[in-house]
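Below: the structure, in structure tokens.
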Amino acid sequence: MTASLPRVSASVVVPKAALQKILENLCAAGFALIGPTVRDGAITLDEIAGVEDLPLGWTDEQQPGQYRLKPTRQPEYFGFGLGPHSWKKFLLPSRMKLLSVVRQNGNWTFQPVSEPAPRYAFVGVRSCDLQAIGIQDRVLIGGEFHDPHYAARREQIFVLAVNCGKANSTCFCTSMKTGPRVTAGFDLALTEMPEVFVVEVGSEAGSQALGDTPWEAATAFDLGRAAQVVQRVERSIQRQFRTDDLPKLLYNNLEHSQWEEVATRCLSCANCTQVCPTCFCVTVEESSNLTATAAERTRVWDSCFVLDFSHVHGGNIRPTLRSRYRQWLTHKLASWLDQFGTSGCVGCGRCITWCPVGIDLTEEVQAIREKAPK
Amino acid sequence: MSVALPVPEIHAGLDPMRPDWAVIQAIKPEAYGIQTFTMRFSDPKLAASFRFQPGQFNMLYLPAFGEVAISLSSDPGEPQVMGHTIRSAGNVTRAFNRLKVGDVAGVRGPYGSWWPVEKVESKNLVIVAGGIGLAPLRPVILAVMRERKAYGRVVLLYGARTPADLLYTDEFEKWQQGDIEVHTTVDLGDEHWRGQVGVVPQLFYRIRVDSKQTLVMTCGPEIMMRFVIYEALARRIPKEAIYISMERNMKCAVGFCGHCQYGPTFICKQGPVLNFASIEPFFGKEDF
């Protein structure tokens with residue numbers, strides 16, 4: 001037990017019960033806690049009050065097109081995989097007012113719409129999802145223009161990361177080199193052990209959050225055990241996804257018969273783009289009162305699977321399912337690299353789990369590769 | 001002699017999605033359902049500092065209707081007045097065409113890439129346009145006419161569905177006096193039409209081109225541009241000397257919305273004006 005705080009980049013051990021104190025510290029520092037919680041038969045991300053809202057004693061089973069919660073005898077706070085939500089729900093809200101205008105004396109004037117951006121503490125961020133935030137950073141604040149709404153939220157977040165203790169059948173972070181171990185961009189990174197958390201301190205804010213907890217410096221033994229947890233997960237990841245030939249393979253096969261084939265199964269429901277932690281496409285809706293003296297512009301999530309997405313005068317550029325699936329997959333795995341210097345896929349597997357017909361992008365790419373004309 | 005125009009500055013401040021207000025100063029009917037709106041920012045400072053390059057576009061906003069990407073069709077040498085030639089096609093453009101002089105609209109921009117007018121210096125230029133595709137090329141013609149001696153032969157090949165759909169016909173004489181060759185065609189003539197009937201790319205047969213000394217700039221329906229490219233390549237004009245202006249759905253113009261993607265290209269950022277060589281692998285792919 002130490003009264004002082006651990007230094008940045010130190011590793012410490014805290015008892016499981018200290019998690020509540022960490023969350024209280026974050027609340028006291030003005031953060032709104034966002035973390036995993038059980039809702040509607042799934043582990044979703046939402047505002048939480050404290051550890052009591054975490055899915056203690058729950059785990060999940062995931063297959064292509066299937067997600068099931070089940071109780072577990074292991075009393076773990078983070079003993080589950082990824083749910084349908086990613087953190088983009090909070091950094092890039094699915095629905096957000098951009099502008100509000102009113103007409104007074106014949107003149108249009110803008111009304112203030114922006115409330116102060118919430119300060120979020122993200123509890124239980126997995127490595128792949130942290131990488132996904134880094135990818136959205138490149139899209140929304142990495143270029144010539146900056147999205148001020150994203151920037152205001154993003155720069156204030158506290159990241160309480162968690163090294164995965166379990167991998168699902170849909171996970172393939174090892175192929176995408178995005179996990180399972182959290183390596184950067186966190187304030188605190190936990191590894192959950194049966195009776196303690198091994199905690200890596202990533203920042204000054206992270207160190208502060210450990211205030212008044214009975215932390216002790218981690219021993220080589222603790223670190224070894226924590227490393228084993230991640231190694232075990234790494235070894236358990238079955239899904240392999242070859243990426244070395246990727247941008248070229250897809251660019252060279254834009255007319256491949258597999259696009260036609262996957263279109264016979266794809267429902268164009270857009271689930272994959274909604275659960276994807278990197279998909280950033282949005283549209284802007286215009287609404288007004290009946291006398292057209294007040295109007296609002298609202299940004300909402302959109303999807304390249306929606307027919308209207310490519311609408312121009314005279315019709316839609318991508319009227320076929322084949323062309324829309326091709327757009328999604330080639331953007332995610334090929335043109336994203338050209339645009340942002342990184343793949344758009346972090347291997348979280350959500351699009352596989354939440355596809356109602358279980359379409360698996362890794363299988364689709366393999367099919368293109370195997371049947372590639374050359 | 002320099003023909004360079006000032007490099008435009010994006011004037012949007014903190015919020016790139018927020019437009020500024022501009023007043024409509026004049027409205028000129030061009031063809032059925034098409035009018036040119038001359039606009040000026042209400043803020044005099046903004047009006048004075050606004051610059052654009054030929055081929056760039058603005059996002060125009062009408063409260064209660066929405067936003068639409070429209071290219072600038074006016075003289076980049078007089079950037080304080082912004083010209084937009086708008087065809088009634090959807091909600092926003094239909095509402096636009098109901099506006100009157102003195103009405104106000106939101107404007108943000110200019111966005112996108114521009115026609116490489118500077119590369120034409122002492123070379124020849126073939127401008128090929130179909131229908132309203134002439135609007136983003138009109139600033140090229142006007143810029144060329146300002147410094148006409150700096151360029152070689154300049155030809156406009158232009159076509160529309162019918163004679164009534166041809167834009168800027170009242171200016172053709174002035175352009176010709178300014179040593180711009182104008183060749184026109186229509187898909188369907190009327191009783192007064194004595195000119196060529198046929199598709200735009202056929203106009204290439206009316207001119208001779210020096211393949212090493214010629215740039216092609218084209219804007220129109222994609223199918224037209226495809227055949228323009230065939231004709232240009234058939235005349236051994238290198239791919240790198242062919243520029244096209246592409247169109248895709250656009251919601252933000254600043255690279256956030258994802259709608260205008262064309263392979264690796266964001267039409268709002270790297271486009272709308274693109275070098276053909278840079279998009280050749282994707283151009284003409286079905287439903288791409």
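Chains: A, B, ... in order of the structure tokens. Residues: from 1 per chain. Ligands: from 1, in order shown.
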
Original post:
When the cut-off is 9 Å and we count only C-alpha atoms, which residues of chain B are near chain A, given as a PyMOL selection string?
Top reply: chain B and resi 14-18+21+63-67+89-90+104-105+247-252+254-261+263-266+281-282+285-288

Dump of N, CA, C and O atoms for the selected residues, as a compact mmCIF listing (two decimals), in the first residue's frame:
```txt
# COMPACT_ATOMS: atom_id res chain seq x y z
N LEU B 14 -13.98 27.21 -37.94
CA LEU B 14 -13.86 26.03 -37.10
C LEU B 14 -14.71 24.87 -37.58
O LEU B 14 -14.30 23.74 -37.51
N ASP B 15 -15.90 25.18 -38.06
CA ASP B 15 -16.79 24.11 -38.49
C ASP B 15 -16.84 24.06 -40.01
O ASP B 15 -17.46 24.92 -40.64
N PRO B 16 -16.21 23.07 -40.60
CA PRO B 16 -16.17 23.04 -42.07
C PRO B 16 -17.53 22.79 -42.70
O PRO B 16 -17.67 22.92 -43.91
N MET B 17 -18.54 22.43 -41.91
CA MET B 17 -19.86 22.17 -42.48
C MET B 17 -20.76 23.39 -42.43
O MET B 17 -21.91 23.33 -42.85
N ARG B 18 -20.27 24.49 -41.89
CA ARG B 18 -21.13 25.66 -41.72
C ARG B 18 -20.94 26.65 -42.87
O ARG B 18 -19.84 27.17 -43.08
N TRP B 21 -23.58 33.16 -45.69
CA TRP B 21 -24.72 33.59 -46.49
C TRP B 21 -24.26 34.43 -47.67
O TRP B 21 -23.36 35.25 -47.56
N PRO B 63 -31.90 26.60 -46.61
CA PRO B 63 -32.54 26.09 -45.39
C PRO B 63 -33.89 25.46 -45.72
O PRO B 63 -34.63 25.99 -46.56
N ALA B 64 -34.18 24.37 -45.08
CA ALA B 64 -35.40 23.58 -45.25
C ALA B 64 -35.36 22.69 -46.48
O ALA B 64 -36.24 21.85 -46.66
N PHE B 65 -34.36 22.86 -47.33
CA PHE B 65 -34.25 21.99 -48.50
C PHE B 65 -32.99 21.14 -48.44
O PHE B 65 -33.03 19.94 -48.64
N GLY B 66 -31.87 21.76 -48.17
CA GLY B 66 -30.64 20.99 -48.06
C GLY B 66 -29.51 21.59 -48.84
O GLY B 66 -29.56 22.74 -49.27
N GLU B 67 -28.49 20.75 -49.03
CA GLU B 67 -27.24 21.22 -49.61
C GLU B 67 -26.96 20.47 -50.89
O GLU B 67 -27.32 19.29 -51.02
N ALA B 89 -32.93 19.31 -60.81
CA ALA B 89 -32.80 17.86 -60.89
C ALA B 89 -33.41 17.19 -59.67
O ALA B 89 -34.07 16.17 -59.77
N GLY B 90 -33.18 17.77 -58.50
CA GLY B 90 -33.71 17.20 -57.26
C GLY B 90 -34.35 18.30 -56.43
O GLY B 90 -34.57 19.41 -56.90
N VAL B 104 -31.44 34.78 -50.44
CA VAL B 104 -30.18 34.43 -49.78
C VAL B 104 -30.01 32.92 -49.76
O VAL B 104 -30.98 32.18 -49.59
N ALA B 105 -28.79 32.46 -49.96
CA ALA B 105 -28.48 31.03 -49.83
C ALA B 105 -27.16 30.88 -49.08
O ALA B 105 -26.35 31.82 -49.05
N GLU B 247 -18.42 13.10 -61.17
CA GLU B 247 -19.50 13.48 -60.27
C GLU B 247 -19.93 12.28 -59.46
O GLU B 247 -20.08 11.19 -59.97
N ARG B 248 -20.11 12.48 -58.17
CA ARG B 248 -20.66 11.46 -57.30
C ARG B 248 -21.52 12.15 -56.25
O ARG B 248 -21.37 13.37 -56.01
N ASN B 249 -22.39 11.37 -55.60
CA ASN B 249 -23.18 11.92 -54.49
C ASN B 249 -22.23 12.50 -53.46
O ASN B 249 -21.16 11.96 -53.20
N MET B 250 -22.61 13.63 -52.89
CA MET B 250 -21.72 14.33 -51.97
C MET B 250 -22.53 14.96 -50.85
O MET B 250 -23.51 15.64 -51.11
N LYS B 251 -22.16 14.70 -49.63
CA LYS B 251 -22.89 15.25 -48.50
C LYS B 251 -22.08 16.28 -47.72
O LYS B 251 -22.64 17.05 -46.95
N CYS B 252 -20.76 16.24 -47.83
CA CYS B 252 -19.99 17.11 -46.95
C CYS B 252 -18.93 17.93 -47.69
O CYS B 252 -18.60 19.02 -47.28
N VAL B 254 -15.88 17.61 -47.64
CA VAL B 254 -14.61 17.73 -46.91
C VAL B 254 -14.05 16.36 -46.49
O VAL B 254 -13.19 16.28 -45.61
N GLY B 255 -14.54 15.30 -47.10
CA GLY B 255 -13.95 13.98 -46.85
C GLY B 255 -14.47 13.23 -45.65
O GLY B 255 -13.91 12.21 -45.28
N PHE B 256 -15.56 13.70 -45.04
CA PHE B 256 -16.09 13.02 -43.86
C PHE B 256 -17.20 12.02 -44.19
O PHE B 256 -17.38 11.04 -43.49
N CYS B 257 -17.98 12.31 -45.22
CA CYS B 257 -19.23 11.55 -45.38
C CYS B 257 -19.05 10.26 -46.15
O CYS B 257 -19.88 9.37 -46.06
N GLY B 258 -17.97 10.14 -46.90
CA GLY B 258 -17.69 8.89 -47.60
C GLY B 258 -18.46 8.66 -48.88
O GLY B 258 -18.19 7.71 -49.60
N HIS B 259 -19.44 9.52 -49.16
CA HIS B 259 -20.33 9.25 -50.29
C HIS B 259 -19.64 9.34 -51.64
O HIS B 259 -20.02 8.64 -52.57
N CYS B 260 -18.67 10.22 -51.80
CA CYS B 260 -18.16 10.51 -53.14
C CYS B 260 -16.97 9.65 -53.51
O CYS B 260 -16.27 9.92 -54.47
N GLN B 261 -16.77 8.55 -52.76
CA GLN B 261 -15.59 7.73 -53.05
C GLN B 261 -15.68 7.07 -54.42
O GLN B 261 -16.72 6.56 -54.82
N GLY B 263 -13.19 4.43 -55.88
CA GLY B 263 -11.96 3.70 -55.60
C GLY B 263 -11.22 4.45 -54.50
O GLY B 263 -11.82 4.92 -53.54
N PRO B 264 -9.93 4.63 -54.63
CA PRO B 264 -9.18 5.34 -53.60
C PRO B 264 -9.44 6.85 -53.58
O PRO B 264 -9.02 7.53 -52.66
N THR B 265 -10.13 7.34 -54.59
CA THR B 265 -10.30 8.78 -54.75
C THR B 265 -11.54 9.29 -54.02
O THR B 265 -12.60 8.69 -54.13
N PHE B 266 -11.38 10.37 -53.27
CA PHE B 266 -12.54 11.12 -52.81
C PHE B 266 -12.77 12.21 -53.86
O PHE B 266 -11.89 13.06 -54.06
N PRO B 281 -7.76 2.47 -63.95
CA PRO B 281 -8.19 1.12 -63.59
C PRO B 281 -9.66 1.04 -63.19
O PRO B 281 -10.24 -0.04 -63.22
N PHE B 282 -10.24 2.15 -62.79
CA PHE B 282 -11.61 2.12 -62.29
C PHE B 282 -12.61 2.68 -63.30
O PHE B 282 -13.79 2.39 -63.24
N LYS B 285 -15.77 0.92 -65.09
CA LYS B 285 -16.17 -0.33 -64.44
C LYS B 285 -17.66 -0.23 -64.11
O LYS B 285 -18.12 0.78 -63.56
N GLU B 286 -18.38 -1.30 -64.39
CA GLU B 286 -19.83 -1.27 -64.21
C GLU B 286 -20.20 -1.02 -62.75
O GLU B 286 -19.68 -1.67 -61.84
N ASP B 287 -21.09 -0.08 -62.53
CA ASP B 287 -21.64 0.24 -61.20
C ASP B 287 -20.57 0.55 -60.17
O ASP B 287 -20.74 0.28 -58.98
N PHE B 288 -19.46 1.11 -60.60
CA PHE B 288 -18.38 1.31 -59.64
C PHE B 288 -18.55 2.62 -58.89
O PHE B 288 -18.51 3.67 -59.48
```

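Using only C-alpha atoms, the contacts of region 182-184 of chain B at a cut-off of 6 Å, with sequence neighbours closer than 4 positions omitted, comprise Leu156, Leu157, Tyr158 and Gly159 of chain B.
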
Subject >> For region 69-72 of chain A: contacts at 7 Å, only C-alpha atoms, fewer than 5 positions along chain excluded, given as a list in words >> reply: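 Everything that qualifies: Gly41, Ala42, Gly57, Trp58, Thr59, Asp60 and Glu61 of chain A.
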
Those residues you just picked out, can you put them in a file as a PDB file, in the first residue's frame with N, CA and C atoms?
```
ATOM      1  N   GLY A  41     -30.059  -8.889 -24.159  1.00  0.00           N
ATOM      2  CA  GLY A  41     -29.411 -10.160 -24.512  1.00  0.00           C
ATOM      3  C   GLY A  41     -28.061 -10.015 -25.157  1.00  0.00           C
ATOM      4  N   ALA A  42     -27.463  -8.848 -25.011  1.00  0.00           N
ATOM      5  CA  ALA A  42     -26.120  -8.656 -25.568  1.00  0.00           C
ATOM      6  C   ALA A  42     -25.327  -7.763 -24.627  1.00  0.00           C
ATOM      7  N   GLY A  57     -19.782 -12.100 -14.501  1.00  0.00           N
ATOM      8  CA  GLY A  57     -20.397 -13.423 -14.543  1.00  0.00           C
ATOM      9  C   GLY A  57     -21.068 -13.745 -15.869  1.00  0.00           C
ATOM     10  N   TRP A  58     -20.888 -12.902 -16.856  1.00  0.00           N
ATOM     11  CA  TRP A  58     -21.456 -13.187 -18.186  1.00  0.00           C
ATOM     12  C   TRP A  58     -20.334 -13.369 -19.202  1.00  0.00           C
ATOM     13  N   THR A  59     -20.580 -14.234 -20.130  1.00  0.00           N
ATOM     14  CA  THR A  59     -19.679 -14.331 -21.258  1.00  0.00           C
ATOM     15  C   THR A  59     -20.515 -14.504 -22.519  1.00  0.00           C
ATOM     16  N   ASP A  60     -19.842 -14.560 -23.652  1.00  0.00           N
ATOM     17  CA  ASP A  60     -20.598 -14.657 -24.901  1.00  0.00           C
ATOM     18  C   ASP A  60     -20.021 -15.746 -25.789  1.00  0.00           C
ATOM     19  N   GLU A  61     -20.857 -16.171 -26.730  1.00  0.00           N
ATOM     20  CA  GLU A  61     -20.420 -17.123 -27.750  1.00  0.00           C
ATOM     21  C   GLU A  61     -20.756 -16.516 -29.090  1.00  0.00           C
TER      22      GLU A  61
END
```

Original post:
Which parts of region 51-286 of chain A does DSSP call strand (DSSP E or B) when run on the backbone here, written out as JSON, numbers by chain?
Top reply: {"A": [58, 59, 60, 61, 62, 63, 66, 67, 68, 69, 70, 71, 95, 96, 97, 98, 99, 100, 101, 102, 103, 104, 107, 108, 109, 110, 111, 120, 121, 122, 123, 124, 125, 158, 159, 160, 161, 162, 188, 189, 190, 191, 192, 196, 197, 198, 199, 200, 201, 216, 217, 282, 283, 284, 285, 286]}

**OP:** Record the distance separating CA of Trp115 (chain B) and CA of Ala47 (chain B), expressed in Å with one decimal.
**Re:**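 Calculated distance between CA of Trp115 (chain B) and CA of Ala47 (chain B) is 22.9 Å.
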
Subject >> Contact residues around Pro93 (chain A) with only C-alpha atoms at 9 Å, ignoring same-chain residues under 2 positions, as a list in words >> reply: Lys88, Lys89, Phe90, Leu91, Arg95, Met96, Tyr150, Arg299, Val300 and Trp301 of chain A

Mind writing the picked residues with N, CA and C atoms as an mmCIF file, in the first residue's frame?
```cif
data_model
loop_
_atom_site.group_PDB
_atom_site.id
_atom_site.type_symbol
_atom_site.label_atom_id
_atom_site.label_comp_id
_atom_site.auth_asym_id
_atom_site.auth_seq_id
_atom_site.Cartn_x
_atom_site.Cartn_y
_atom_site.Cartn_z
ATOM 1 N N LYS A 88 -17.253 4.175 -31.463
ATOM 2 C CA LYS A 88 -17.656 5.237 -32.392
ATOM 3 C C LYS A 88 -19.054 5.741 -32.071
ATOM 4 N N LYS A 89 -19.827 4.898 -31.380
ATOM 5 C CA LYS A 89 -21.155 5.317 -30.922
ATOM 6 C C LYS A 89 -21.072 6.605 -30.109
ATOM 7 N N PHE A 90 -19.941 6.819 -29.440
ATOM 8 C CA PHE A 90 -19.800 8.004 -28.581
ATOM 9 C C PHE A 90 -18.946 9.096 -29.212
ATOM 10 N N LEU A 91 -17.952 8.686 -30.000
ATOM 11 C CA LEU A 91 -17.086 9.702 -30.614
ATOM 12 C C LEU A 91 -17.708 10.265 -31.890
ATOM 13 N N ARG A 95 -26.424 9.951 -34.479
ATOM 14 C CA ARG A 95 -27.345 11.021 -34.851
ATOM 15 C C ARG A 95 -26.899 12.279 -34.119
ATOM 16 N N MET A 96 -26.621 13.324 -34.849
ATOM 17 C CA MET A 96 -26.119 14.519 -34.195
ATOM 18 C C MET A 96 -26.485 15.779 -34.968
ATOM 19 N N TYR A 150 -16.137 15.551 -33.521
ATOM 20 C CA TYR A 150 -15.331 14.372 -33.188
ATOM 21 C C TYR A 150 -14.110 14.803 -32.373
ATOM 22 N N ARG A 299 -26.593 15.143 -38.748
ATOM 23 C CA ARG A 299 -25.712 14.123 -39.312
ATOM 24 C C ARG A 299 -26.125 12.757 -38.767
ATOM 25 N N VAL A 300 -26.324 11.798 -39.640
ATOM 26 C CA VAL A 300 -26.672 10.444 -39.197
ATOM 27 C C VAL A 300 -25.777 9.433 -39.904
ATOM 28 N N TRP A 301 -25.544 8.314 -39.227
ATOM 29 C CA TRP A 301 -24.754 7.252 -39.842
ATOM 30 C C TRP A 301 -25.417 6.820 -41.148
#
```

Original post:
For Gly106 (chain B), which residue out of B:Leu62, B:Val68, B:Ile223, B:Ile24 is the nearest one, using only C-alpha atoms?
Top reply: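 Once distances to Gly106 (chain B) are computed over only C-alpha atoms, the minimum belongs to B:Leu62.
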
**OP:** For region 350-353 of chain A, please output as a ChimeraX atom specification all residues within 9 Å (counting only C-alpha atoms; exclusion window: fewer than 3 positions along the same chain).
**Re:** /A:62-67,82-85,170-171,271-277,347,356-362

Original post:
When you draw a straight line from CA of Asp187 (chain A) to CA of Ala226 (chain A), how long is it in Å?
Top reply: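 For CA of Asp187 (chain A) relative to CA of Ala226 (chain A), the distance reads 17.8 Å.
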
Subject >> Residue with smallest distance to Arg51 (chain B) - pool B:Arg108, B:Arg235, B:Lys100, B:Arg208, counting only C-alpha atoms >> reply: B:Arg108

Subject >> Nearby residues (only C-alpha atoms) at most 9 Å from region 232-241 of chain A, same-chain spacing under 2 positions excluded, as number ranges by chain >> reply: A: 164-176, 179-181, 227-230, 243, 347, 362-363, 365-366

Original post:
Can you list, as number ranges by chain, every residue of region 26-273 of chain B that DSSP puts in helix (DSSP H, G or I)?
Top reply: B: 44-49, 91-96, 117-120, 131-146, 148-150, 163-165, 169-177, 200-206, 211-213, 222-234, 239-241

Original post:
So which one's closest to Gln20 (chain A), A:Asn253, A:Thr219, A:Thr183, A:Thr213? Using only C-alpha atoms, please.
Top reply: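 For Gln20 (chain A), the nearest of the candidates is A:Thr213.
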
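If you count only C-alpha atoms and ignore residues fewer than 5 places along the chain from Thr169 (chain B), what sits within 12 Å of it is Pro29, Glu30, Ala31, Gly131, Leu134, Arg138, Tyr158, Gly159, Ala160, Pro163, Ala164, Lys174, Trp175, Gln176, Val182, His183 and Thr184 of chain B.
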